[in-house]
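Below is model_13.txt, holding compact mmCIF, C-alpha atoms and all ligand atoms.
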# COMPACT_ATOMS: atom_id res chain seq x y z
CA MET A 237 -17.63 18.25 -31.41
CA PRO A 238 -14.38 16.24 -31.10
CA LEU A 239 -13.52 13.68 -33.78
CA ALA A 240 -12.94 9.96 -33.25
CA VAL A 241 -12.47 6.88 -35.43
CA GLN A 242 -15.25 4.35 -34.90
CA ILE A 243 -16.36 1.04 -36.35
CA ALA A 244 -20.08 0.23 -36.49
CA ARG A 245 -19.20 -3.48 -36.93
CA GLN A 246 -16.00 -5.51 -37.01
CA GLY A 247 -14.49 -6.01 -40.46
CA GLY A 248 -11.99 -4.57 -42.95
CA PRO A 249 -10.21 -1.20 -42.82
CA GLU A 250 -13.15 0.37 -44.68
CA GLU A 251 -15.26 -0.05 -41.53
CA MET A 252 -13.28 2.71 -39.80
CA LYS A 253 -15.10 6.04 -40.05
CA LEU A 254 -14.31 9.47 -38.67
CA VAL A 255 -17.27 10.57 -36.52
CA GLU A 256 -18.09 13.39 -34.11
CA LEU A 257 -18.47 12.21 -30.51
CA ALA A 258 -19.50 14.17 -27.45
CA VAL A 259 -17.06 13.80 -24.54
CA GLY A 260 -18.20 14.45 -20.97
CA ASP A 261 -16.47 14.93 -17.64
CA PRO A 262 -14.44 12.20 -15.95
CA GLY A 263 -16.12 10.13 -13.27
CA PRO A 264 -14.41 8.65 -10.20
CA GLY A 265 -11.06 7.10 -11.12
CA GLU A 266 -11.11 8.63 -14.61
CA VAL A 267 -9.33 11.40 -16.51
CA ARG A 268 -10.11 13.39 -19.64
CA ILE A 269 -7.09 13.57 -21.94
CA ARG A 270 -6.66 15.63 -25.11
CA HIS A 271 -4.43 13.63 -27.41
CA ARG A 272 -1.43 15.15 -29.14
CA ALA A 273 -0.43 11.89 -30.86
CA ILE A 274 -1.88 8.38 -31.14
CA GLY A 275 -0.03 5.06 -31.42
CA LEU A 276 -0.97 2.43 -34.02
CA ASN A 277 -0.64 -1.22 -32.96
CA PHE A 278 -1.31 -4.64 -34.36
CA ILE A 279 -3.89 -5.26 -31.62
CA ASP A 280 -5.97 -2.52 -33.31
CA VAL A 281 -6.18 -4.80 -36.36
CA TYR A 282 -7.41 -7.78 -34.28
CA GLN A 283 -9.99 -5.55 -32.57
CA ARG A 284 -11.11 -4.11 -35.88
CA ASN A 285 -11.33 -7.36 -37.86
CA GLY A 286 -12.95 -9.50 -35.16
CA LEU A 287 -10.07 -11.84 -34.26
CA TYR A 288 -10.71 -10.35 -30.82
CA ALA A 289 -14.50 -10.08 -30.54
CA LEU A 290 -15.71 -6.76 -29.06
CA PRO A 291 -19.07 -5.01 -28.87
CA THR A 292 -19.75 -2.23 -31.39
CA PRO A 293 -19.97 0.66 -32.04
CA LEU A 294 -16.36 0.91 -30.92
CA THR A 295 -13.74 3.65 -30.96
CA LEU A 296 -10.46 1.86 -31.65
CA GLY A 297 -6.96 2.50 -30.31
CA MET A 298 -4.95 1.36 -27.29
CA GLU A 299 -2.12 3.92 -27.07
CA GLY A 300 -1.79 7.68 -26.92
CA ALA A 301 -0.12 10.75 -25.46
CA GLY A 302 -1.50 14.18 -24.67
CA VAL A 303 -2.48 16.67 -21.99
CA ILE A 304 -4.75 15.94 -19.03
CA GLU A 305 -7.76 18.29 -19.10
CA ALA A 306 -9.71 17.09 -16.06
CA VAL A 307 -9.45 14.44 -13.35
CA GLY A 308 -12.22 12.59 -11.52
CA ALA A 309 -12.57 11.90 -7.82
CA GLY A 310 -9.87 9.70 -6.34
CA VAL A 311 -7.23 10.33 -9.01
CA ALA A 312 -4.13 11.42 -7.12
CA HIS A 313 -1.26 10.88 -9.58
CA LEU A 314 -2.43 13.28 -12.31
CA GLN A 315 -3.73 16.84 -12.51
CA PRO A 316 -5.02 19.13 -15.27
CA GLY A 317 -2.17 20.37 -17.43
CA ASP A 318 0.03 17.28 -16.95
CA ARG A 319 1.67 15.75 -20.00
CA ALA A 320 0.76 12.06 -20.03
CA ALA A 321 0.96 8.86 -22.08
CA TYR A 322 -0.61 5.43 -21.80
CA THR A 323 -1.61 2.09 -23.10
CA SER A 324 -4.92 1.10 -21.61
CA GLN A 325 -8.15 -0.77 -21.90
CA PRO A 326 -10.80 -0.09 -23.07
CA PRO A 327 -9.98 0.92 -26.67
CA GLY A 328 -10.61 4.57 -27.56
CA SER A 329 -7.33 6.35 -28.31
CA TYR A 330 -8.22 7.02 -31.98
CA SER A 331 -9.80 10.28 -30.88
CA GLU A 332 -9.02 13.93 -30.31
CA VAL A 333 -10.15 13.75 -26.70
CA ARG A 334 -11.49 10.97 -24.47
CA VAL A 335 -12.51 10.07 -20.93
CA MET A 336 -10.76 6.94 -19.66
CA PRO A 337 -9.64 5.04 -16.55
CA ALA A 338 -6.63 6.73 -14.94
CA THR A 339 -4.92 3.57 -13.67
CA ALA A 340 -2.57 3.09 -16.63
CA VAL A 341 -2.13 6.77 -17.55
CA CYS A 342 1.40 7.88 -16.61
CA LYS A 343 2.99 11.31 -16.45
CA LEU A 344 5.30 11.68 -19.43
CA PRO A 345 8.83 12.89 -18.60
CA ASP A 346 9.61 16.33 -20.09
CA ALA A 347 12.47 14.79 -22.09
CA ILE A 348 10.06 12.60 -24.08
CA ASP A 349 7.94 14.32 -26.75
CA PHE A 350 4.29 13.45 -27.37
CA GLU A 351 4.93 11.58 -30.59
CA THR A 352 7.54 9.36 -28.94
CA GLY A 353 5.25 8.85 -25.95
CA ALA A 354 2.41 7.74 -28.20
CA ALA A 355 4.74 5.41 -30.10
CA MET A 356 6.28 3.65 -27.12
CA MET A 357 3.86 2.87 -24.29
CA LEU A 358 2.13 -0.29 -25.56
CA LYS A 359 5.22 -1.55 -27.37
CA GLY A 360 7.81 -0.57 -24.78
CA LEU A 361 5.87 -1.84 -21.77
CA THR A 362 5.40 -5.10 -23.65
CA VAL A 363 9.15 -5.48 -24.13
CA GLN A 364 9.60 -4.55 -20.47
CA TYR A 365 7.42 -7.38 -19.16
CA LEU A 366 8.71 -9.86 -21.72
CA LEU A 367 12.42 -9.32 -21.10
CA ARG A 368 12.12 -8.68 -17.35
CA ARG A 369 9.38 -11.09 -16.27
CA THR A 370 8.65 -13.63 -19.01
CA LEU A 371 11.67 -15.82 -18.41
CA PRO A 372 12.61 -19.49 -18.61
CA ALA A 373 12.81 -21.55 -15.42
CA GLU A 374 16.61 -21.31 -15.57
CA GLY A 375 16.47 -17.51 -15.98
CA LEU A 376 18.29 -15.55 -18.67
CA GLN A 377 21.94 -14.57 -18.32
CA ALA A 378 24.08 -12.22 -20.39
CA GLY A 379 25.38 -14.19 -23.35
CA ASP A 380 22.25 -16.35 -23.71
CA PHE A 381 20.58 -16.71 -27.09
CA ILE A 382 16.94 -15.69 -27.49
CA LEU A 383 14.85 -15.72 -30.67
CA TRP A 384 12.59 -12.73 -31.51
CA HIS A 385 10.22 -12.86 -34.46
CA ALA A 386 9.15 -9.78 -36.45
CA ALA A 387 12.14 -7.98 -34.97
CA ALA A 388 11.96 -4.94 -37.27
CA GLY A 389 8.41 -4.06 -36.16
CA GLY A 390 7.23 -1.68 -33.44
CA VAL A 391 7.73 -4.08 -30.54
CA GLY A 392 10.64 -5.76 -32.31
CA LEU A 393 12.97 -2.77 -32.71
CA ILE A 394 12.57 -1.88 -29.05
CA ALA A 395 13.30 -5.51 -28.11
CA CYS A 396 16.50 -5.61 -30.18
CA GLN A 397 17.89 -2.60 -28.32
CA TRP A 398 16.72 -3.61 -24.84
CA ALA A 399 18.04 -7.16 -25.26
CA ARG A 400 21.44 -5.80 -26.29
CA ALA A 401 21.48 -3.55 -23.21
CA LEU A 402 20.91 -6.66 -21.07
CA GLY A 403 23.64 -8.59 -22.87
CA TYR A 404 21.38 -11.17 -24.54
CA ARG A 405 22.27 -12.47 -27.98
CA LEU A 406 19.06 -11.78 -29.88
CA ILE A 407 18.48 -13.78 -33.03
CA ALA A 408 16.04 -11.73 -35.12
CA THR A 409 13.65 -12.83 -37.81
CA ALA A 410 12.13 -10.37 -40.27
CA GLY A 411 10.37 -10.45 -43.62
CA SER A 412 12.91 -8.78 -45.95
CA GLU A 413 16.64 -8.08 -46.27
CA GLU A 414 16.00 -4.39 -45.45
CA LYS A 415 14.14 -5.32 -42.28
CA CYS A 416 16.95 -7.72 -41.30
CA ALA A 417 19.47 -4.89 -41.74
CA LEU A 418 17.34 -2.67 -39.49
CA ALA A 419 17.20 -5.32 -36.76
CA LEU A 420 20.98 -5.72 -36.92
CA ALA A 421 21.52 -1.95 -36.75
CA ASN A 422 19.42 -1.92 -33.57
CA GLY A 423 21.30 -4.58 -31.68
CA ALA A 424 20.30 -8.01 -33.00
CA GLU A 425 23.30 -10.34 -33.19
CA VAL A 426 22.03 -12.26 -36.22
CA ALA A 427 19.03 -11.67 -38.49
CA ILE A 428 17.20 -14.27 -40.54
CA ASN A 429 14.86 -13.41 -43.42
CA TYR A 430 12.19 -15.98 -42.58
CA ARG A 431 10.42 -15.49 -45.89
CA ALA A 432 13.55 -16.71 -47.70
CA GLU A 433 15.16 -19.13 -45.23
CA ASP A 434 14.11 -21.93 -42.85
CA PHE A 435 14.56 -20.08 -39.57
CA ALA A 436 14.57 -23.23 -37.40
CA GLN A 437 17.43 -24.68 -39.41
CA ARG A 438 19.38 -21.42 -39.21
CA VAL A 439 18.84 -21.17 -35.44
CA ALA A 440 20.21 -24.70 -35.05
CA GLU A 441 23.33 -23.67 -37.00
CA ILE A 442 23.81 -20.41 -35.10
CA THR A 443 23.48 -22.09 -31.70
CA GLN A 444 25.50 -25.16 -32.75
CA GLY A 445 22.52 -27.41 -32.21
CA GLN A 446 21.84 -26.17 -28.65
CA GLY A 447 18.74 -24.07 -29.39
CA VAL A 448 17.60 -20.92 -27.59
CA LYS A 449 16.29 -20.51 -24.04
CA VAL A 450 13.25 -18.42 -25.06
CA VAL A 451 11.33 -17.75 -28.25
CA TYR A 452 9.34 -14.49 -28.17
CA ASP A 453 6.76 -15.20 -30.87
CA SER A 454 4.17 -12.62 -31.95
CA VAL A 455 3.66 -14.03 -35.44
CA GLY A 456 1.58 -16.99 -34.26
CA LYS A 457 0.19 -19.44 -36.80
CA ASP A 458 3.05 -19.36 -39.32
CA THR A 459 5.93 -19.67 -36.84
CA TRP A 460 4.55 -21.86 -34.04
CA ASP A 461 5.96 -25.22 -35.17
CA GLY A 462 9.35 -23.83 -36.15
CA SER A 463 9.60 -21.91 -32.89
CA LEU A 464 9.14 -25.07 -30.81
CA GLN A 465 11.96 -26.66 -32.81
CA CYS A 466 14.28 -23.76 -31.91
CA LEU A 467 13.99 -24.23 -28.14
CA ARG A 468 16.55 -26.03 -26.06
CA PRO A 469 15.45 -28.43 -23.27
CA PHE A 470 13.32 -26.69 -20.61
CA GLY A 471 13.04 -23.66 -22.89
CA LEU A 472 10.13 -21.20 -22.83
CA MET A 473 7.75 -20.52 -25.68
CA ALA A 474 6.38 -17.00 -25.06
CA SER A 475 3.56 -16.65 -27.58
CA PHE A 476 2.40 -13.05 -27.32
CA GLY A 477 0.70 -12.30 -30.63
CA ASN A 478 -0.87 -13.59 -33.81
CA ALA A 479 0.03 -11.32 -36.73
CA SER A 480 -0.25 -14.25 -39.17
CA GLY A 481 -3.35 -15.73 -37.50
CA ALA A 482 -4.20 -17.47 -34.25
CA VAL A 483 -1.99 -20.34 -33.08
CA PRO A 484 -3.81 -23.57 -33.93
CA SER A 485 -4.70 -26.06 -31.21
CA PHE A 486 -1.76 -28.27 -30.37
CA SER A 487 -1.09 -31.48 -28.50
CA LEU A 488 0.61 -31.13 -25.11
CA SER A 489 2.79 -34.06 -26.09
CA ALA A 490 4.50 -31.68 -28.55
CA LEU A 491 6.23 -30.24 -25.45
CA ALA A 492 7.21 -33.56 -23.93
CA GLY A 493 10.45 -34.37 -25.75
CA LYS A 494 12.25 -31.30 -24.39
CA GLY A 495 10.14 -30.53 -21.31
CA LEU A 496 9.15 -27.16 -22.76
CA TYR A 497 7.14 -24.41 -21.07
CA VAL A 498 4.51 -22.32 -22.88
CA THR A 499 2.98 -19.01 -21.85
CA ARG A 500 0.51 -16.68 -23.57
CA PRO A 501 0.87 -13.35 -21.73
CA SER A 502 -0.94 -10.04 -22.19
CA ILE A 503 0.31 -6.60 -21.23
CA TYR A 504 -3.01 -5.75 -19.61
CA THR A 505 -2.52 -8.38 -16.90
CA HIS A 506 0.90 -6.91 -16.16
CA ILE A 507 -0.25 -3.28 -15.90
CA ALA A 508 -3.50 -4.00 -14.05
CA THR A 509 -2.47 -2.10 -10.90
CA ARG A 510 -1.32 1.54 -10.74
CA GLU A 511 1.84 0.65 -8.79
CA ARG A 512 2.93 -2.10 -11.16
CA CYS A 513 2.12 -0.01 -14.25
CA GLN A 514 4.11 2.96 -12.94
CA ALA A 515 7.10 0.78 -11.99
CA MET A 516 7.16 -0.69 -15.50
CA ALA A 517 6.77 2.76 -17.07
CA ASP A 518 9.61 4.15 -14.93
CA ASP A 519 11.87 1.35 -16.19
CA LEU A 520 10.87 2.13 -19.80
CA PHE A 521 11.37 5.89 -19.32
CA VAL A 522 14.92 5.27 -18.05
CA MET A 523 15.73 3.09 -21.05
CA VAL A 524 14.46 5.79 -23.44
CA THR A 525 15.79 8.94 -21.74
CA SER A 526 19.22 7.33 -21.25
CA GLY A 527 19.37 6.61 -24.98
CA GLN A 528 19.68 2.85 -24.55
CA VAL A 529 16.40 2.43 -26.43
CA LYS A 530 15.54 4.77 -29.30
CA ILE A 531 11.90 4.83 -30.41
CA HIS A 532 11.74 4.70 -34.20
CA VAL A 533 8.66 6.47 -35.57
CA ASP A 534 9.00 5.31 -39.16
CA GLN A 535 5.47 6.12 -40.41
CA ARG A 536 3.07 8.97 -39.75
CA PHE A 537 -0.55 9.21 -40.96
CA PRO A 538 -3.15 11.89 -40.26
CA LEU A 539 -6.00 10.47 -38.14
CA ALA A 540 -8.30 10.87 -41.14
CA GLU A 541 -6.07 8.43 -43.09
CA VAL A 542 -6.29 5.66 -40.53
CA GLN A 543 -7.56 3.19 -43.17
CA ALA A 544 -4.29 3.57 -45.10
CA ALA A 545 -2.34 3.12 -41.87
CA HIS A 546 -4.08 -0.19 -41.13
CA ARG A 547 -3.57 -1.41 -44.69
CA ALA A 548 0.16 -0.67 -44.49
CA LEU A 549 0.53 -2.45 -41.14
CA GLU A 550 -1.37 -5.53 -42.31
CA ALA A 551 0.59 -5.66 -45.58
CA ARG A 552 3.89 -5.81 -43.63
CA GLN A 553 4.94 -2.49 -45.17
CA THR A 554 5.85 -0.77 -41.91
CA THR A 555 8.94 -0.86 -39.72
CA GLY A 556 9.26 0.40 -36.14
CA SER A 557 6.36 2.41 -34.73
CA THR A 558 3.54 4.18 -36.57
CA VAL A 559 1.82 7.29 -35.24
CA LEU A 560 -1.54 8.84 -36.11
CA ALA A 561 -1.03 12.61 -36.11
CA LEU A 562 -3.63 15.13 -34.95
N1 LIG B 601 0.53 -9.91 -25.78
C1 LIG B 601 0.88 -8.64 -25.62
O1 LIG B 601 0.94 -8.15 -24.49
C2 LIG B 601 1.24 -7.83 -26.81
C3 LIG B 601 1.49 -6.46 -26.66
C4 LIG B 601 1.91 -5.71 -27.78
C5 LIG B 601 2.02 -6.33 -29.01
N2 LIG B 601 1.72 -7.65 -29.12
C6 LIG B 601 1.88 -8.35 -30.41
O2 LIG B 601 3.19 -8.11 -30.88
C7 LIG B 601 3.18 -8.10 -32.30
C8 LIG B 601 3.87 -6.86 -32.80
O3 LIG B 601 3.03 -5.75 -32.60
P1 LIG B 601 3.33 -4.36 -33.32
O4 LIG B 601 2.16 -3.50 -33.09
O5 LIG B 601 4.70 -3.92 -32.93
O6 LIG B 601 3.32 -4.77 -34.87
P2 LIG B 601 4.55 -4.87 -35.90
O7 LIG B 601 5.55 -5.85 -35.37
O8 LIG B 601 5.04 -3.52 -36.21
O9 LIG B 601 3.84 -5.47 -37.17
C9 LIG B 601 3.57 -6.83 -37.26
C10 LIG B 601 4.68 -7.57 -38.02
O10 LIG B 601 4.42 -8.96 -37.98
C11 LIG B 601 5.06 -9.55 -39.06
N3 LIG B 601 4.20 -10.54 -39.72
C12 LIG B 601 4.50 -11.82 -39.89
N4 LIG B 601 3.53 -12.45 -40.56
C13 LIG B 601 2.59 -11.52 -40.82
C14 LIG B 601 1.33 -11.57 -41.51
N5 LIG B 601 0.87 -12.71 -42.06
N6 LIG B 601 0.62 -10.44 -41.61
C15 LIG B 601 1.06 -9.30 -41.07
N7 LIG B 601 2.24 -9.21 -40.40
C16 LIG B 601 3.00 -10.31 -40.29
C17 LIG B 601 5.46 -8.42 -40.04
O11 LIG B 601 6.87 -8.26 -39.97
P3 LIG B 601 7.81 -9.09 -41.03
O12 LIG B 601 7.45 -8.58 -42.39
O13 LIG B 601 9.18 -8.72 -40.60
O14 LIG B 601 7.47 -10.50 -40.84
C18 LIG B 601 4.75 -7.21 -39.50
O15 LIG B 601 5.45 -6.02 -39.78
C19 LIG B 601 1.72 -8.26 -32.73
O16 LIG B 601 1.47 -9.63 -32.98
C20 LIG B 601 0.97 -7.81 -31.50
O17 LIG B 601 -0.31 -8.35 -31.42
C21 LIG B 601 1.33 -8.39 -28.04

Could the structure of this file be written out as structure tokens, please?
Amino acid sequence: MPLAVQIARQGGPEEMKLVELAVGDPGPGEVRIRHRAIGLNFIDVYQRNGLYALPTPLTLGMEGAGVIEAVGAGVAHLQPGDRAAYTSQPPGSYSEVRVMPATAVCKLPDAIDFETGAAMMLKGLTVQYLLRRTLPAEGLQAGDFILWHAAAGGVGLIACQWARALGYRLIATAGSEEKCALALANGAEVAINYRAEDFAQRVAEITQGQGVKVVYDSVGKDTWDGSLQCLRPFGLMASFGNASGAVPSFSLSALAGKGLYVTRPSIYTHIATRERCQAMADDLFVMVTSGQVKIHVDQRFPLAEVQAAHRALEARQTTGSTVLAL
């Protein structure tokens, strides 16, 4: 029987166990996909440890690439034998083969290999909706400063390159000098080691007291207050993750002095329809196949070593994307 990584209850990395799971035929609107590579993401940690409550037993994983084996009734955009990649709800990509909704499964261009496909769909589509659609009221123009936290991570390295392609001046934060160097090599204009320096103070210096138009903040608890300080009047706080813990409750009056906007977006709202998901994926595929965005797969773990992969991600030991190999 095919193998999958399941948790019987939410908790630490030790809860993840390799199990045998029977996989049936796809129903209406579904496909069966045999994975060739699986993407690791920070959301997998939240779903494993209970920050995001989910029913168990649960097969984890939100990103993968592979070959379509069978399609259910009503699925018109895929057929058996197609190469495909996705990020999709529900979780379940930590598996050799699965049945899943077809809506967010996209044909993978021949020029993109399976490993790259598995490493880029959740992270790249996130950067797509953030830089294209999660914008301040005044819009973003070439030459504008934006602040991006955790810029040497999976989402972060894609953002550095995409922002440069759009002409934005991305101020990166990252947790070590090596990570700062990586962000700079990928298109950040300035990089701040936020474990060694006060990033809000440095942003004020870099922008000559003006602040940035948008902060893209996936760190959450540890950076929230400083991020608000970095915004210029009418700026946008785009809080899209919580790697350091959930953002604490805050008073709306914290926004009043500068008339700030706050949003807390999720990729799964953006890719909820087939048309929208495909349009976003097409944009991402162009960025990758044209070479404007390179997907950095900096870590590889066999599926059976998924516990070590989670420990490395949580300990801030990874850069770029991480793939679980089959
Ligand atoms: N809302 C959405 O639609 C959406 C979609 C995709 C991803 N996300 C979010 O985007 C973020 C990045 O995702 P990813 O998968 O690419 O992960 P990642 O950036 O590769 O890894 C997370 C990074 O967060 C930083 N970090 C800061 N404080 C941390 C702490 N206390 N513990 C652990 N890490 C900490 C670390 O970088 P430094 O060492 O450089 O600080 C770490 O490498 C995550 O928060 C994820 O949930 C949100």

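When atom CA of A:Leu290 is paired with atom CA of A:Pro326, their separation reads 10.2 Å.
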
Worksheet item: So which residues are near ligand LIG 601 (chain B), meaning at most 7 Å away with only C-alpha atoms and all ligand atoms counted, given back as a PyMOL selection string?
Response: chain A and resi 276-279+358-359+362+386-392+409-412+415+454-455+476-481+501-504+549-557

Fill in: Separation of atom CA of A:Ala408 from atom CA of A:Trp384 in Å
5.1 Å

Discussion item. Just to confirm, what's the straight-line distance from atom CA of A:Phe435 to atom CA of A:Val533 in Å (one decimal)?
Written reply: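 Spanning atom CA of A:Phe435 to atom CA of A:Val533 is a straight-line distance of 27.5 Å.
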
Practice prompt. Choose the residue, out of A:Gln397, A:Lys494, A:Gly247, A:Leu383, that has the smallest atom-to-atom separation from A:Gly527; count all atoms listed in the file.
Written response: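 Smallest separation from A:Gly527 among the options: A:Gln397.
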
Return as JSON lines the residues of stretch 318-348 of chain A lying at most 12 Å from stretch 538-541 of chain A, together with the closest atom-to-atom pair for each and the distance in Å to one decimal, counting all atoms listed in the file, with rows in chain order and ascending residue number.
{"residue": "A:Ser329", "atom": "CA", "partner": "A:Leu539", "partner_atom": "CA", "distance": 10.7}
{"residue": "A:Tyr330", "atom": "CA", "partner": "A:Leu539", "partner_atom": "CA", "distance": 7.4}
{"residue": "A:Ser331", "atom": "CA", "partner": "A:Leu539", "partner_atom": "CA", "distance": 8.2}
{"residue": "A:Glu332", "atom": "CA", "partner": "A:Leu539", "partner_atom": "CA", "distance": 9.1}

Worksheet item: With all atoms listed in the file as the basis for distance, which of A:Gln514, A:Ser463, A:Thr352, A:Ser526 is at the shortest distance from A:Gln364?
Response: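 Using all atoms listed in the file, A:Gln364 sits closest to A:Gln514.
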
Discussion item. My list of candidates is A:Met336, A:Val426, A:Ile382, A:Leu402. Which is closest to A:Leu467 when distances are computed with all atoms listed in the file?
Written reply: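 With all atoms listed in the file as the atom set, the closest residue is A:Ile382.
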
Worksheet item: If I put a ball of radius 6 Å at (-0.8, 21.5, -19.4) in the file's coordinates, which residues poke into it when counting all atoms listed in the file, written as a list in words?
Response: Val303, Gly317 and Asp318 of chain A

Item to complete: For A:Val259, please output as number ranges by chain all residues within 12 Å (counting all atoms listed in the file; exclusion window: fewer than 6 positions along the same chain).
Response: A: 237-240, 267-270, 305-306, 328, 331-336

Discussion item. Neighbouring residues of A:Gly403 were defined as those with any atom within 9 Å, considering all atoms listed in the file; residues of the same chain fewer than 6 positions away were excluded. Please report them as JSON, numbers by chain.
Written reply: {"A": [377, 378, 379, 380]}

Worksheet item: Which of these, A:Arg547, A:Pro372, A:Arg405, A:Arg319, has the shortest distance to A:Arg468 once you count all atoms listed in the file?
Response: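 With all atoms listed in the file as the atom set, the closest residue is A:Pro372.
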
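Minimum atom-to-atom distances from A:Thr370, A:Gln437, A:Thr558, A:Ser489 to A:Leu472 were compared using only C-alpha atoms, and the lowest value belongs to A:Thr370.
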
Discussion item. Show me the residues around (18.0, -18.9, -35.3) - criterion: an atom at most 12 Å away, all atoms listed in the file counted - as a ChimeraX atom specification.
Written reply: /A:381-385,405-410,424-430,433-451,462-468

Discussion item. From the options A:Glu414, A:Glu299, A:Glu511, A:Asp461, which residue's atoms come nearest to A:Thr339, counting only C-alpha atoms?
Written reply: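 Using only C-alpha atoms, the shortest distance to A:Thr339 belongs to A:Glu511.
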
What would stretch 390-403 of chain A look like with N, CA and C atoms in place, written as a PDB file, in the coordinates of the input?
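This went into part29.pdb:
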ATOM      1  N   GLY A 390       7.298  -2.642 -34.547  1.00  0.00           N
ATOM      2  CA  GLY A 390       7.230  -1.680 -33.440  1.00  0.00           C
ATOM      3  C   GLY A 390       7.766  -2.268 -32.152  1.00  0.00           C
ATOM      4  N   VAL A 391       7.224  -3.404 -31.730  1.00  0.00           N
ATOM      5  CA  VAL A 391       7.730  -4.080 -30.540  1.00  0.00           C
ATOM      6  C   VAL A 391       9.158  -4.568 -30.800  1.00  0.00           C
ATOM      7  N   GLY A 392       9.375  -5.089 -31.993  1.00  0.00           N
ATOM      8  CA  GLY A 392      10.640  -5.760 -32.310  1.00  0.00           C
ATOM      9  C   GLY A 392      11.865  -4.854 -32.207  1.00  0.00           C
ATOM     10  N   LEU A 393      11.780  -3.636 -32.746  1.00  0.00           N
ATOM     11  CA  LEU A 393      12.970  -2.770 -32.710  1.00  0.00           C
ATOM     12  C   LEU A 393      13.307  -2.329 -31.292  1.00  0.00           C
ATOM     13  N   ILE A 394      12.298  -2.186 -30.457  1.00  0.00           N
ATOM     14  CA  ILE A 394      12.570  -1.880 -29.050  1.00  0.00           C
ATOM     15  C   ILE A 394      13.241  -3.090 -28.385  1.00  0.00           C
ATOM     16  N   ALA A 395      12.737  -4.287 -28.711  1.00  0.00           N
ATOM     17  CA  ALA A 395      13.300  -5.510 -28.110  1.00  0.00           C
ATOM     18  C   ALA A 395      14.765  -5.701 -28.497  1.00  0.00           C
ATOM     19  N   CYS A 396      15.098  -5.437 -29.750  1.00  0.00           N
ATOM     20  CA  CYS A 396      16.500  -5.610 -30.180  1.00  0.00           C
ATOM     21  C   CYS A 396      17.434  -4.765 -29.312  1.00  0.00           C
ATOM     22  N   GLN A 397      17.035  -3.520 -29.069  1.00  0.00           N
ATOM     23  CA  GLN A 397      17.890  -2.600 -28.320  1.00  0.00           C
ATOM     24  C   GLN A 397      17.945  -2.954 -26.837  1.00  0.00           C
ATOM     25  N   TRP A 398      16.787  -3.314 -26.285  1.00  0.00           N
ATOM     26  CA  TRP A 398      16.720  -3.610 -24.840  1.00  0.00           C
ATOM     27  C   TRP A 398      17.482  -4.919 -24.564  1.00  0.00           C
ATOM     28  N   ALA A 399      17.331  -5.896 -25.441  1.00  0.00           N
ATOM     29  CA  ALA A 399      18.040  -7.160 -25.260  1.00  0.00           C
ATOM     30  C   ALA A 399      19.555  -6.933 -25.304  1.00  0.00           C
ATOM     31  N   ARG A 400      19.995  -6.094 -26.210  1.00  0.00           N
ATOM     32  CA  ARG A 400      21.440  -5.800 -26.290  1.00  0.00           C
ATOM     33  C   ARG A 400      21.907  -5.145 -24.989  1.00  0.00           C
ATOM     34  N   ALA A 401      21.096  -4.221 -24.462  1.00  0.00           N
ATOM     35  CA  ALA A 401      21.480  -3.550 -23.210  1.00  0.00           C
ATOM     36  C   ALA A 401      21.616  -4.557 -22.065  1.00  0.00           C
ATOM     37  N   LEU A 402      20.845  -5.640 -22.119  1.00  0.00           N
ATOM     38  CA  LEU A 402      20.910  -6.660 -21.070  1.00  0.00           C
ATOM     39  C   LEU A 402      21.959  -7.730 -21.357  1.00  0.00           C
ATOM     40  N   GLY A 403      22.572  -7.635 -22.534  1.00  0.00           N
ATOM     41  CA  GLY A 403      23.640  -8.590 -22.870  1.00  0.00           C
ATOM     42  C   GLY A 403      23.163  -9.873 -23.511  1.00  0.00           C
TER      43      GLY A 403
END
